[in-house]
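Colleague: Sharing a structure here in structure tokens format.
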Amino acid sequence: MGVHYKGLSASAISHLDRHFRTRMRQTLEELDTMARGFPATEDGLHRFRAGGFFFDDVSSEANPNDP
């Protein structure tokens, strides 16, 4: 999944970035809680990875507050 927009202001990008990070953190915490609830077995063959990214051309520096 992905969305792409152009022609937005820096303040709009900042607002969208904050919203994305908040919701992504919530979603990943929910997935973590759910995954911990499933039994792990030594012979389990499968794994998963989940995450998200938000790229903009307003700030290309890494955010020091990013977990």
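Starting from 1 in every chain, residues are counted up; chains themselves are A, B, ... following the order of the structure tokens, and ligands are numbered from 1 as listed.
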Residues within 10 Å of range 44-57 of chain A, please, as a PyMOL selection string. Count only C-alpha atoms; anything in the same chain fewer than 2 positions from it doesn't count.

Modeller: chain A and resi 1-6+10+13-14+16-18+20-21+24-25+27-28+31-32+35+39-42+59-61

Colleague: Among chain A, which ones does DSSP place in alpha helix (DSSP H), written as a PyMOL selection string?

Modeller: chain A and resi 10-37

Colleague: Just write the chosen residues, C-alpha atoms, as a PDB file, in the first residue's frame.

Modeller:
ATOM      1  CA  ALA A  10       5.544  22.078   4.587  1.00  0.00           C
ATOM      2  CA  SER A  11       3.016  22.447   7.417  1.00  0.00           C
ATOM      3  CA  ALA A  12       0.671  19.953   5.729  1.00  0.00           C
ATOM      4  CA  ILE A  13       3.559  17.492   5.374  1.00  0.00           C
ATOM      5  CA  SER A  14       4.450  17.976   9.032  1.00  0.00           C
ATOM      6  CA  HIS A  15       0.854  17.331  10.110  1.00  0.00           C
ATOM      7  CA  LEU A  16       0.611  14.186   7.957  1.00  0.00           C
ATOM      8  CA  ASP A  17       3.970  12.938   9.256  1.00  0.00           C
ATOM      9  CA  ARG A  18       2.919  13.314  12.897  1.00  0.00           C
ATOM     10  CA  HIS A  19      -0.392  11.572  12.203  1.00  0.00           C
ATOM     11  CA  PHE A  20       1.322   8.738  10.358  1.00  0.00           C
ATOM     12  CA  ARG A  21       3.876   8.156  13.108  1.00  0.00           C
ATOM     13  CA  THR A  22       1.206   8.124  15.813  1.00  0.00           C
ATOM     14  CA  ARG A  23      -1.028   5.675  13.959  1.00  0.00           C
ATOM     15  CA  MET A  24       1.857   3.468  12.824  1.00  0.00           C
ATOM     16  CA  ARG A  25       3.150   3.234  16.396  1.00  0.00           C
ATOM     17  CA  GLN A  26      -0.337   2.219  17.589  1.00  0.00           C
ATOM     18  CA  THR A  27      -0.686  -0.369  14.836  1.00  0.00           C
ATOM     19  CA  LEU A  28       2.742  -1.889  15.482  1.00  0.00           C
ATOM     20  CA  GLU A  29       2.089  -2.035  19.226  1.00  0.00           C
ATOM     21  CA  GLU A  30      -1.212  -3.833  18.551  1.00  0.00           C
ATOM     22  CA  LEU A  31       0.516  -6.334  16.243  1.00  0.00           C
ATOM     23  CA  ASP A  32       3.217  -6.916  18.844  1.00  0.00           C
ATOM     24  CA  THR A  33       0.607  -7.614  21.508  1.00  0.00           C
ATOM     25  CA  MET A  34      -1.291  -9.968  19.215  1.00  0.00           C
ATOM     26  CA  ALA A  35       1.855 -11.832  18.143  1.00  0.00           C
ATOM     27  CA  ARG A  36       2.940 -12.306  21.754  1.00  0.00           C
ATOM     28  CA  GLY A  37      -0.443 -13.937  22.411  1.00  0.00           C
TER      29      GLY A  37
END
